[in-house]
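Asker: Quick one, coords_16.cif (mmCIF, C-alpha atoms and all ligand atoms):
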```cif
data_protein
#
loop_
_atom_site.label_atom_id
_atom_site.label_comp_id
_atom_site.auth_asym_id
_atom_site.auth_seq_id
_atom_site.Cartn_x
_atom_site.Cartn_y
_atom_site.Cartn_z
CA MET A 725 49.66 -40.94 -45.14
CA ARG A 726 48.33 -37.64 -46.39
CA LEU A 727 45.30 -38.11 -48.59
CA VAL A 728 43.49 -35.39 -50.55
CA VAL A 729 39.72 -35.95 -50.68
CA ILE A 730 37.53 -34.47 -53.44
CA PRO A 731 33.78 -35.24 -53.33
CA GLY A 732 33.12 -34.98 -57.09
CA ASP A 733 29.74 -34.48 -58.76
CA GLY A 734 26.35 -36.23 -58.74
CA ILE A 735 26.37 -39.07 -56.19
CA GLY A 736 30.04 -38.34 -55.38
CA PRO A 737 29.45 -36.26 -52.21
CA GLU A 738 27.05 -38.94 -50.86
CA THR A 739 29.41 -41.91 -51.38
CA VAL A 740 32.67 -40.08 -50.61
CA SER A 741 31.34 -38.84 -47.24
CA VAL A 742 30.63 -42.46 -46.20
CA ALA A 743 34.11 -43.51 -47.36
CA VAL A 744 35.68 -40.66 -45.34
CA LYS A 745 33.91 -41.78 -42.15
CA ALA A 746 34.99 -45.36 -42.87
CA LEU A 747 38.64 -44.34 -43.33
CA GLU A 748 38.67 -42.17 -40.20
CA LYS A 749 37.17 -44.88 -38.00
CA ALA A 750 39.31 -47.72 -39.40
CA ALA A 751 42.49 -45.63 -39.03
CA GLN A 752 41.61 -44.70 -35.41
CA GLN A 753 41.38 -48.42 -34.61
CA SER A 754 44.91 -49.04 -35.91
CA GLU A 755 48.49 -47.74 -35.84
CA ALA A 756 48.04 -46.06 -39.23
CA VAL A 757 48.24 -42.27 -39.28
CA LEU A 758 45.93 -40.76 -41.85
CA GLU A 759 45.69 -37.04 -42.59
CA LEU A 760 42.73 -36.12 -44.80
CA VAL A 761 42.90 -32.83 -46.71
CA HIS A 762 39.47 -31.79 -48.01
CA GLU A 763 39.42 -30.04 -51.40
CA ILE A 764 37.10 -29.44 -54.34
CA ALA A 765 37.44 -29.86 -58.12
CA GLY A 766 35.12 -30.18 -61.09
CA LEU A 767 31.76 -28.38 -61.23
CA ASP A 768 32.00 -27.21 -57.56
CA SER A 769 35.33 -25.57 -58.25
CA LEU A 770 34.12 -24.12 -61.54
CA ALA A 771 31.20 -22.46 -59.74
CA GLN A 772 33.34 -21.15 -56.85
CA HIS A 773 36.62 -20.30 -58.59
CA GLY A 774 35.81 -20.16 -62.32
CA ILE A 775 38.15 -23.10 -62.99
CA SER A 776 37.58 -26.81 -62.38
CA VAL A 777 41.21 -27.67 -61.42
CA ARG A 778 43.00 -24.80 -59.60
CA PRO A 779 46.83 -24.59 -59.83
CA GLU A 780 46.98 -24.52 -55.98
CA LEU A 781 45.01 -27.77 -55.87
CA ILE A 782 47.59 -29.43 -58.12
CA LYS A 783 50.38 -28.37 -55.70
CA THR A 784 48.39 -29.68 -52.70
CA ILE A 785 47.91 -33.04 -54.40
CA GLU A 786 51.55 -33.22 -55.51
CA ALA A 787 52.55 -32.87 -51.85
CA ALA A 788 50.21 -35.69 -50.78
CA ASP A 789 50.58 -39.49 -50.89
CA GLY A 790 47.30 -40.16 -52.67
CA LEU A 791 43.98 -38.81 -53.85
CA MET A 792 40.45 -40.06 -53.22
CA MET A 793 38.03 -38.51 -55.68
CA GLY A 794 34.34 -38.96 -56.38
CA PRO A 795 33.08 -39.32 -59.96
CA MET A 796 32.88 -36.30 -62.24
CA THR A 797 30.16 -35.20 -64.65
CA THR A 798 32.49 -34.98 -67.59
CA HIS A 799 30.41 -33.67 -70.47
CA GLN A 800 30.31 -30.15 -68.97
CA LEU A 801 34.08 -30.16 -68.48
CA ASN A 802 35.25 -30.06 -72.05
CA ASP A 803 37.01 -26.75 -72.70
CA GLU A 804 40.39 -26.33 -71.02
CA ALA A 805 40.82 -22.81 -72.41
CA LYS A 806 37.72 -21.77 -70.40
CA GLY A 807 38.88 -23.50 -67.20
CA ARG A 808 36.56 -26.45 -67.84
CA ILE A 809 39.12 -29.20 -67.28
CA ASN A 810 37.98 -32.76 -66.63
CA PRO A 811 39.70 -33.50 -63.28
CA SER A 812 39.69 -37.30 -63.74
CA MET A 813 41.43 -36.94 -67.10
CA PHE A 814 43.75 -34.22 -65.77
CA PHE A 815 45.02 -36.20 -62.77
CA ARG A 816 45.39 -39.40 -64.78
CA ARG A 817 47.61 -37.53 -67.23
CA HIS A 818 49.43 -35.28 -64.75
CA PHE A 819 50.48 -38.18 -62.49
CA ASP A 820 50.75 -40.70 -65.36
CA LEU A 821 48.29 -43.02 -63.60
CA TYR A 822 48.81 -45.75 -66.16
CA ALA A 823 47.34 -48.74 -64.30
CA ASN A 824 43.61 -48.75 -63.71
CA ILE A 825 42.93 -51.71 -61.44
CA ARG A 826 39.28 -52.76 -61.34
CA PRO A 827 38.43 -55.82 -59.25
CA ALA A 828 35.06 -57.55 -59.51
CA ARG A 829 33.97 -60.33 -57.17
CA THR A 830 30.73 -61.79 -55.95
CA PHE A 831 29.74 -61.50 -52.28
CA GLU A 832 27.89 -63.97 -50.11
CA GLY A 833 24.40 -62.65 -49.49
CA ALA A 834 24.26 -60.50 -52.64
CA PRO A 835 22.05 -61.46 -55.57
CA ILE A 836 24.14 -62.75 -58.49
CA ARG A 837 23.31 -63.87 -61.97
CA VAL A 838 26.31 -66.18 -62.41
CA LYS A 839 28.55 -68.61 -60.51
CA PRO A 840 30.66 -66.99 -57.74
CA PHE A 841 33.81 -65.37 -59.16
CA ASP A 842 36.73 -63.15 -58.23
CA LEU A 843 38.70 -61.41 -60.97
CA VAL A 844 40.58 -58.18 -61.60
CA VAL A 845 40.58 -56.15 -64.81
CA VAL A 846 43.96 -54.44 -65.28
CA ARG A 847 43.26 -51.67 -67.76
CA GLU A 848 45.97 -49.66 -69.54
CA ASN A 849 45.07 -46.08 -68.67
CA SER A 850 47.51 -43.74 -70.41
CA GLU A 851 46.90 -44.14 -74.16
CA GLY A 852 44.71 -46.29 -76.46
CA PHE A 853 41.39 -45.10 -77.85
CA TYR A 854 41.12 -42.07 -75.54
CA ALA A 855 41.38 -38.82 -77.45
CA ASP A 856 42.47 -36.94 -74.30
CA ARG A 857 45.50 -39.11 -73.48
CA ASN A 858 47.47 -39.64 -76.66
CA MET A 859 49.00 -36.29 -77.55
CA VAL A 860 51.31 -33.80 -75.85
CA SER A 861 49.13 -31.08 -77.30
CA GLY A 862 45.66 -31.38 -78.86
CA GLY A 863 43.32 -34.35 -78.94
CA SER A 864 43.53 -37.41 -81.16
CA GLU A 865 40.04 -37.00 -82.60
CA MET A 866 39.68 -34.71 -85.59
CA LEU A 867 36.81 -33.29 -87.63
CA VAL A 868 38.23 -33.55 -91.15
CA THR A 869 35.14 -32.12 -92.87
CA ASP A 870 31.70 -31.47 -91.36
CA ASP A 871 30.85 -35.08 -92.22
CA VAL A 872 34.15 -36.89 -91.61
CA VAL A 873 35.81 -37.73 -88.31
CA VAL A 874 39.14 -39.43 -87.69
CA SER A 875 39.76 -40.89 -84.21
CA LEU A 876 43.27 -42.19 -83.59
CA ARG A 877 44.44 -44.78 -81.09
CA ARG A 878 48.02 -44.77 -79.77
CA ILE A 879 49.70 -48.00 -78.61
CA THR A 880 53.33 -47.99 -77.45
CA ARG A 881 55.52 -50.91 -76.49
CA ALA A 882 56.63 -49.17 -73.27
CA CYS A 883 53.03 -48.68 -72.10
CA CYS A 884 52.10 -52.27 -73.02
CA GLU A 885 55.12 -53.51 -71.10
CA ARG A 886 54.46 -51.59 -67.88
CA ILE A 887 50.77 -52.56 -67.70
CA ALA A 888 51.62 -56.19 -68.48
CA ARG A 889 54.17 -56.21 -65.65
CA ARG A 890 51.58 -54.84 -63.17
CA ALA A 891 49.14 -57.56 -64.27
CA PHE A 892 51.67 -60.39 -63.83
CA GLU A 893 52.85 -59.04 -60.47
CA LEU A 894 49.24 -58.92 -59.31
CA ALA A 895 48.61 -62.47 -60.57
CA MET A 896 51.56 -63.68 -58.46
CA THR A 897 49.65 -62.50 -55.35
CA ARG A 898 46.44 -64.24 -56.49
CA ARG A 899 45.63 -67.46 -58.43
CA LYS A 900 48.56 -67.00 -60.86
CA LYS A 901 46.61 -66.70 -64.07
CA VAL A 902 46.59 -63.88 -66.63
CA THR A 903 44.21 -63.55 -69.58
CA ILE A 904 45.22 -61.13 -72.34
CA VAL A 905 42.12 -59.55 -73.92
CA HIS A 906 42.62 -57.97 -77.33
CA LYS A 907 41.43 -57.58 -80.92
CA ALA A 908 44.68 -58.55 -82.65
CA ASN A 909 42.75 -60.36 -85.40
CA VAL A 910 41.63 -56.93 -86.71
CA LEU A 911 43.94 -54.40 -85.04
CA LYS A 912 46.85 -56.55 -86.17
CA ILE A 913 49.64 -54.06 -85.54
CA GLY A 914 48.48 -52.24 -82.39
CA ASP A 915 46.85 -55.09 -80.51
CA GLY A 916 49.42 -57.40 -82.11
CA MET A 917 52.10 -55.40 -80.27
CA PHE A 918 50.04 -55.48 -77.06
CA VAL A 919 49.72 -59.29 -77.16
CA GLN A 920 53.39 -59.84 -78.13
CA THR A 921 54.58 -57.55 -75.33
CA CYS A 922 52.36 -59.24 -72.73
CA GLU A 923 53.69 -62.64 -73.87
CA ALA A 924 57.27 -61.38 -73.58
CA VAL A 925 56.63 -60.15 -70.01
CA ALA A 926 54.95 -63.51 -69.25
CA ARG A 927 58.32 -65.25 -69.78
CA GLU A 928 59.58 -63.43 -66.64
CA PHE A 929 56.75 -65.07 -64.65
CA PRO A 930 56.99 -68.80 -65.41
CA ASP A 931 54.62 -69.66 -62.51
CA VAL A 932 51.77 -67.71 -64.11
CA THR A 933 49.48 -69.44 -66.60
CA VAL A 934 48.64 -67.26 -69.61
CA ASP A 935 45.92 -67.36 -72.19
CA SER A 936 44.43 -64.84 -74.57
CA VAL A 937 40.86 -64.13 -75.62
CA ILE A 938 39.51 -61.88 -78.39
CA VAL A 939 37.50 -59.08 -76.82
CA ASP A 940 34.13 -59.89 -78.42
CA ALA A 941 34.36 -63.54 -77.35
CA MET A 942 35.36 -62.29 -73.90
CA MET A 943 31.96 -60.60 -73.52
CA ALA A 944 30.30 -64.01 -73.91
CA LEU A 945 32.85 -65.99 -71.88
CA VAL A 946 32.85 -63.65 -68.92
CA VAL A 947 29.05 -63.95 -68.67
CA ARG A 948 29.10 -67.72 -69.19
CA GLN A 949 32.08 -68.61 -66.97
CA PRO A 950 33.41 -65.63 -65.03
CA GLU A 951 34.95 -68.00 -62.48
CA ARG A 952 37.60 -69.09 -65.02
CA PHE A 953 39.28 -65.65 -64.95
CA ASP A 954 41.79 -64.31 -62.42
CA VAL A 955 43.70 -61.28 -63.76
CA VAL A 956 42.60 -59.85 -67.11
CA VAL A 957 44.95 -57.40 -68.82
CA THR A 958 43.73 -55.26 -71.68
CA THR A 959 43.96 -51.94 -73.50
CA ASN A 960 42.20 -48.79 -72.34
CA MET A 961 38.78 -48.78 -74.05
CA PHE A 962 38.26 -52.56 -73.83
CA GLY A 963 39.12 -52.44 -70.12
CA ASP A 964 36.70 -49.60 -69.50
CA ILE A 965 33.81 -51.48 -71.09
CA LEU A 966 34.68 -54.92 -69.75
CA SER A 967 35.00 -53.68 -66.17
CA ASP A 968 31.49 -52.21 -66.10
CA LEU A 969 30.21 -55.58 -67.28
CA THR A 970 32.17 -57.53 -64.66
CA ALA A 971 31.04 -55.12 -61.90
CA GLU A 972 27.40 -55.58 -62.86
CA LEU A 973 27.83 -59.38 -63.07
CA ALA A 974 29.21 -59.28 -59.53
CA GLY A 975 26.04 -57.58 -58.32
CA SER A 976 26.09 -53.92 -59.30
CA LEU A 977 28.10 -51.16 -60.89
CA GLY A 978 27.69 -49.57 -57.47
CA MET A 979 30.24 -52.10 -56.16
CA ALA A 980 32.87 -51.13 -58.76
CA ALA A 981 35.94 -50.14 -56.77
CA SER A 982 39.01 -48.96 -58.63
CA ILE A 983 42.37 -47.27 -58.32
CA ASN A 984 44.33 -45.43 -60.95
CA ALA A 985 47.98 -46.03 -60.09
CA ALA A 986 51.42 -44.87 -61.12
CA ASP A 987 54.56 -46.16 -59.40
CA HIS A 988 54.61 -43.34 -56.80
CA PHE A 989 51.09 -41.91 -56.73
CA ALA A 990 47.57 -43.31 -56.92
CA MET A 991 44.01 -42.06 -57.08
CA ALA A 992 41.07 -43.97 -55.62
CA GLN A 993 37.99 -43.39 -57.74
CA ALA A 994 35.04 -45.73 -58.24
CA ALA A 995 34.78 -47.09 -61.78
CA HIS A 996 31.31 -45.67 -62.37
CA GLY A 997 30.27 -42.12 -63.23
CA SER A 998 28.36 -39.46 -61.30
CA ALA A 999 24.99 -41.26 -61.79
CA PRO A 1000 22.87 -38.10 -62.25
CA ASP A 1001 19.74 -40.31 -62.46
CA ILE A 1002 20.01 -41.13 -58.74
CA ALA A 1003 22.04 -38.20 -57.36
CA GLY A 1004 20.74 -36.51 -54.19
CA GLN A 1005 18.26 -39.32 -53.42
CA ASN A 1006 20.27 -41.14 -50.75
CA ILE A 1007 20.14 -44.41 -52.73
CA ALA A 1008 23.66 -44.63 -54.20
CA ASN A 1009 25.73 -47.63 -53.19
CA PRO A 1010 28.73 -46.39 -51.18
CA PHE A 1011 30.73 -49.64 -51.40
CA SER A 1012 32.39 -48.71 -54.71
CA GLN A 1013 34.02 -45.74 -52.95
CA ILE A 1014 34.82 -47.59 -49.71
CA GLY A 1015 36.35 -50.41 -51.78
CA SER A 1016 38.40 -47.87 -53.77
CA ALA A 1017 39.67 -46.30 -50.52
CA ALA A 1018 40.69 -49.76 -49.25
CA MET A 1019 42.57 -50.41 -52.50
CA LEU A 1020 44.44 -47.10 -52.14
CA LEU A 1021 45.58 -47.95 -48.62
CA SER A 1022 46.67 -51.39 -49.70
CA TRP A 1023 48.62 -49.86 -52.63
CA TYR A 1024 50.28 -47.40 -50.19
CA SER A 1025 51.19 -50.20 -47.80
CA GLN A 1026 52.82 -52.14 -50.61
CA ARG A 1027 54.71 -49.08 -51.85
CA THR A 1028 56.03 -48.02 -48.44
CA GLY A 1029 56.30 -51.41 -46.75
CA LYS A 1030 54.06 -50.19 -43.87
CA PRO A 1031 51.77 -53.07 -42.85
CA GLU A 1032 49.44 -50.90 -40.72
CA TYR A 1033 47.85 -49.45 -43.88
CA LEU A 1034 47.19 -52.92 -45.28
CA GLU A 1035 45.56 -53.78 -41.98
CA VAL A 1036 43.19 -50.79 -42.33
CA ALA A 1037 42.35 -51.89 -45.88
CA GLN A 1038 41.63 -55.42 -44.64
CA ARG A 1039 39.35 -54.10 -41.87
CA LEU A 1040 37.39 -52.11 -44.44
CA GLU A 1041 37.07 -55.19 -46.67
CA ALA A 1042 35.96 -57.39 -43.76
CA ALA A 1043 33.31 -54.90 -42.62
CA MET A 1044 32.04 -54.63 -46.20
CA VAL A 1045 31.76 -58.43 -46.55
CA LYS A 1046 29.87 -58.64 -43.22
CA THR A 1047 27.47 -55.80 -44.05
CA ILE A 1048 26.62 -57.34 -47.42
CA ARG A 1049 26.16 -60.79 -45.86
CA GLU A 1050 23.64 -59.23 -43.44
CA GLY A 1051 21.70 -57.84 -46.43
CA LYS A 1052 22.27 -54.25 -45.32
CA VAL A 1053 22.64 -52.92 -48.84
CA THR A 1054 21.18 -50.37 -51.23
CA ARG A 1055 18.51 -51.27 -53.76
CA ASP A 1056 20.92 -51.83 -56.69
CA MET A 1057 22.12 -54.84 -54.62
CA GLY A 1058 18.60 -56.03 -53.87
CA GLY A 1059 18.32 -54.25 -50.51
CA ASN A 1060 16.11 -51.47 -49.24
CA LEU A 1061 18.49 -49.25 -47.26
CA GLY A 1062 19.64 -45.77 -48.19
CA THR A 1063 23.27 -44.67 -48.60
CA ASP A 1064 23.37 -43.23 -45.05
CA ALA A 1065 21.86 -46.35 -43.45
CA VAL A 1066 24.30 -48.64 -45.27
CA GLY A 1067 27.07 -46.35 -44.04
CA ARG A 1068 25.85 -46.65 -40.44
CA ALA A 1069 25.57 -50.46 -40.67
CA PHE A 1070 29.06 -50.58 -42.17
CA LEU A 1071 30.55 -48.38 -39.42
CA ALA A 1072 28.89 -50.54 -36.74
CA ASN A 1073 30.47 -53.65 -38.29
CA LEU A 1074 33.81 -51.89 -38.49
P1 LIG A 1101 27.16 -43.88 -64.55
O1 LIG A 1101 28.26 -44.86 -64.32
O2 LIG A 1101 27.19 -42.63 -63.76
O3 LIG A 1101 25.75 -44.62 -64.29
C1 LIG A 1101 25.37 -45.79 -64.99
C2 LIG A 1101 24.24 -46.50 -64.20
O4 LIG A 1101 24.80 -47.08 -63.00
C3 LIG A 1101 23.17 -45.52 -63.76
O5 LIG A 1101 21.91 -46.16 -63.82
C4 LIG A 1101 23.51 -45.24 -62.30
O6 LIG A 1101 22.41 -44.88 -61.50
C5 LIG A 1101 24.13 -46.56 -61.85
N1 LIG A 1101 25.12 -46.34 -60.79
C6 LIG A 1101 26.35 -45.81 -60.91
N2 LIG A 1101 26.96 -45.74 -59.73
C7 LIG A 1101 26.10 -46.24 -58.83
C8 LIG A 1101 26.14 -46.43 -57.41
N3 LIG A 1101 27.22 -46.10 -56.67
N4 LIG A 1101 25.06 -46.95 -56.81
C9 LIG A 1101 23.98 -47.33 -57.50
N5 LIG A 1101 23.86 -47.17 -58.85
C10 LIG A 1101 24.92 -46.63 -59.49
O7 LIG A 1101 27.17 -43.57 -66.12
P2 LIG A 1101 26.55 -42.31 -66.91
O8 LIG A 1101 25.18 -41.99 -66.37
O9 LIG A 1101 26.70 -42.69 -68.32
O10 LIG A 1101 27.54 -41.12 -66.61
C11 LIG A 1101 27.22 -39.99 -65.82
C12 LIG A 1101 28.36 -38.99 -65.89
O11 LIG A 1101 29.55 -39.55 -65.28
C13 LIG A 1101 28.77 -38.60 -67.32
O12 LIG A 1101 29.08 -37.21 -67.34
C14 LIG A 1101 30.04 -39.41 -67.57
O13 LIG A 1101 30.88 -38.83 -68.52
C15 LIG A 1101 30.65 -39.40 -66.19
N6 LIG A 1101 31.63 -40.46 -65.90
C16 LIG A 1101 32.62 -40.12 -65.05
C17 LIG A 1101 33.53 -41.08 -64.66
C18 LIG A 1101 34.61 -40.65 -63.71
O14 LIG A 1101 34.58 -39.56 -63.16
N7 LIG A 1101 35.60 -41.49 -63.47
C19 LIG A 1101 33.42 -42.40 -65.11
C20 LIG A 1101 32.35 -42.73 -65.95
C21 LIG A 1101 31.45 -41.75 -66.34
#
```
Since I need it in another form, could you write the structure as structure tokens?

Answerer:
Amino acid sequence: MRLVVIPGDGIGPETVSVAVKALEKAAQQSEAVLELVHEIAGLDSLAQHGISVRPELIKTIEAADGLMMGPMTTHQLNDEAKGRINPSMFFRRHFDLYANIRPARTFEGAPIRVKPFDLVVVRENSEGFYADRNMVSGGSEMLVTDDVVVSLRRITRACCERIARRAFELAMTRRKKVTIVHKANVLKIGDGMFVQTCEAVAREFPDVTVDSVIVDAMMALVVRQPERFDVVVTTNMFGDILSDLTAELAGSLGMAASINAADHFAMAQAAHGSAPDIAGQNIANPFSQIGSAAMLLSWYSQRTGKPEYLEVAQRLEAAMVKTIREGKVTRDMGGNLGTDAVGRAFLANL
């Protein structure tokens, strides 16, 4: 498996370097062959090459099997004409990474505010209320007059159908329950289509129990009873917000692993941002990035039918569980270790 690695901005280099060591060591202990190609994008690339996503980088990634990327500081990457392209947005669009899979689960030994739970938010990632994803050309947010803005949301049956199918397939490997989260009481046509399409796909999976929850009620229910959810499928913006909440309920946003997947390519990128408030202080939690790397290997194993990559993913997961149980965690998880020290404890457990 050839994997391109990009450190990203803010805390990205700190957490990605731990994830790289984890991948290298776990792969050495197994039959899996992993080739890591180190690259840069975002602000680093802008400073060095005058463009945040180089055309050569795109070719390198196209020739690879996956991408592991740190978070990006997006507000400075907002003018494509000046080479200021947001790499996260660019790769999501370029590779049509339509399924953003964001698991959240509690860990033994970690401080939690709720009953133990284990759920996955399956977020549609290619349209919805994201101005950068809806149009072939131009954004879907417009300044009509100096005082009037129109922001458009695109919902298509095909995109609803493919994300629903991923959610139901995932549920079949878990506790066989899907919750559809929506706002069809107000967004009657768009979310109405999302709910109808999910229900139509549900008929192909008679073993899966289905329910639906309106997104505002979901915010209360997921705090009150997170253990009642298994797979949660939802549109882009709702999924983005809900998954930060579920990550924090599970202990910390610093645990928020995620992959952005298409059918033939996937990008591992933690769900959180570049955390400029803690960057460079050696206190960022590296488990979000290690967890994302494990998800990418597991996705690759499923796609290619090669069990050795799933085995590496499982080793990473097991070492993470053990390290957290021992209390060797960063301060966002109630511990007192730095990023490097957590990395060392993790590697020892691996
Ligand atoms: P953020 O997610 O970076 O941080 C929110 C809070 O969570 C902060 O207090 C931060 O310290 C904490 N946090 C995040 N990751 C952590 C970790 N691994 N360990 C411990 N604590 C952690 O959100 P923000 O500050 O609003 O965004 C910063 C920048 O990141 C912005 O430019 C934003 O646009 C960008 N962003 C990028 C992505 C991405 O690249 N995929 C995603 C979200 C935000």

Asker: Kindly compile the residues surrounding ligand LIG 1101 (chain A) within 8 Å, counting only C-alpha atoms and all ligand atoms, and format them as a ChimeraX atom specification.

Answerer: /A:732,734-735,739,794-800,811-812,976-980,993-1003,1007-1013,1054-1056

Asker: Name the residues in contact with Ile775 in chain A at a cut-off of 10 Å, using only C-alpha atoms, excluding same-chain residues fewer than 5 positions from it; report them as a list in words.

Answerer: Ala765, Gly766, Leu767, Asp768, Ser769, Leu770, Leu801, Glu804, Ala805, Lys806, Gly807, Arg808 and Ile809 of chain A

Asker: Restricting the calculation to only C-alpha atoms: of A:Ala990, A:Ala895, A:Leu1034, A:Met1057, which residue gets closest to Arg816 in chain A?

Answerer: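 Closest to Arg816 in chain A, using only C-alpha atoms: A:Ala990.
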
Asker: With 6 Å added on each side, what axis-aligned box encloses every listed atom of range 785-795 of chain A? Give the centre and edge lengths in Å to one decimal, as AutoDock Vina command-line options.

Answerer:
```
--center_x 42.8 --center_y -36.5 --center_z -55.4 --size_x 31.5 --size_y 19.3 --size_z 21.2
```

Asker: Using all atoms listed in the file, pick whichever of A:Lys839, A:Arg1049, A:Lys749, A:Arg1068 has the shortest atom-to-atom distance to Ala1037 in chain A.

Answerer: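 The answer is A:Lys749, which sits nearest to Ala1037 in chain A.
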
Asker: Neighbourhood query: residues within 8 Å of (24.2, -37.6, -46.4), file coordinates, counting all atoms listed in the file; return as an MDAnalysis selection string.

Answerer: chainID A and resid 737:738 741 1006 1063:1064

Asker: Keeping only C-alpha atoms, write the selected residues as a short mmCIF file (atom, residue, chain, number, x, y, z; two decimals), in the coordinates of the input.

Answerer:
```cif
data_model
loop_
_atom_site.label_atom_id
_atom_site.label_comp_id
_atom_site.auth_asym_id
_atom_site.auth_seq_id
_atom_site.Cartn_x
_atom_site.Cartn_y
_atom_site.Cartn_z
CA PRO A 737 29.45 -36.26 -52.21
CA GLU A 738 27.05 -38.94 -50.86
CA SER A 741 31.34 -38.84 -47.24
CA ASN A 1006 20.27 -41.14 -50.75
CA THR A 1063 23.27 -44.67 -48.60
CA ASP A 1064 23.37 -43.23 -45.05
#
```
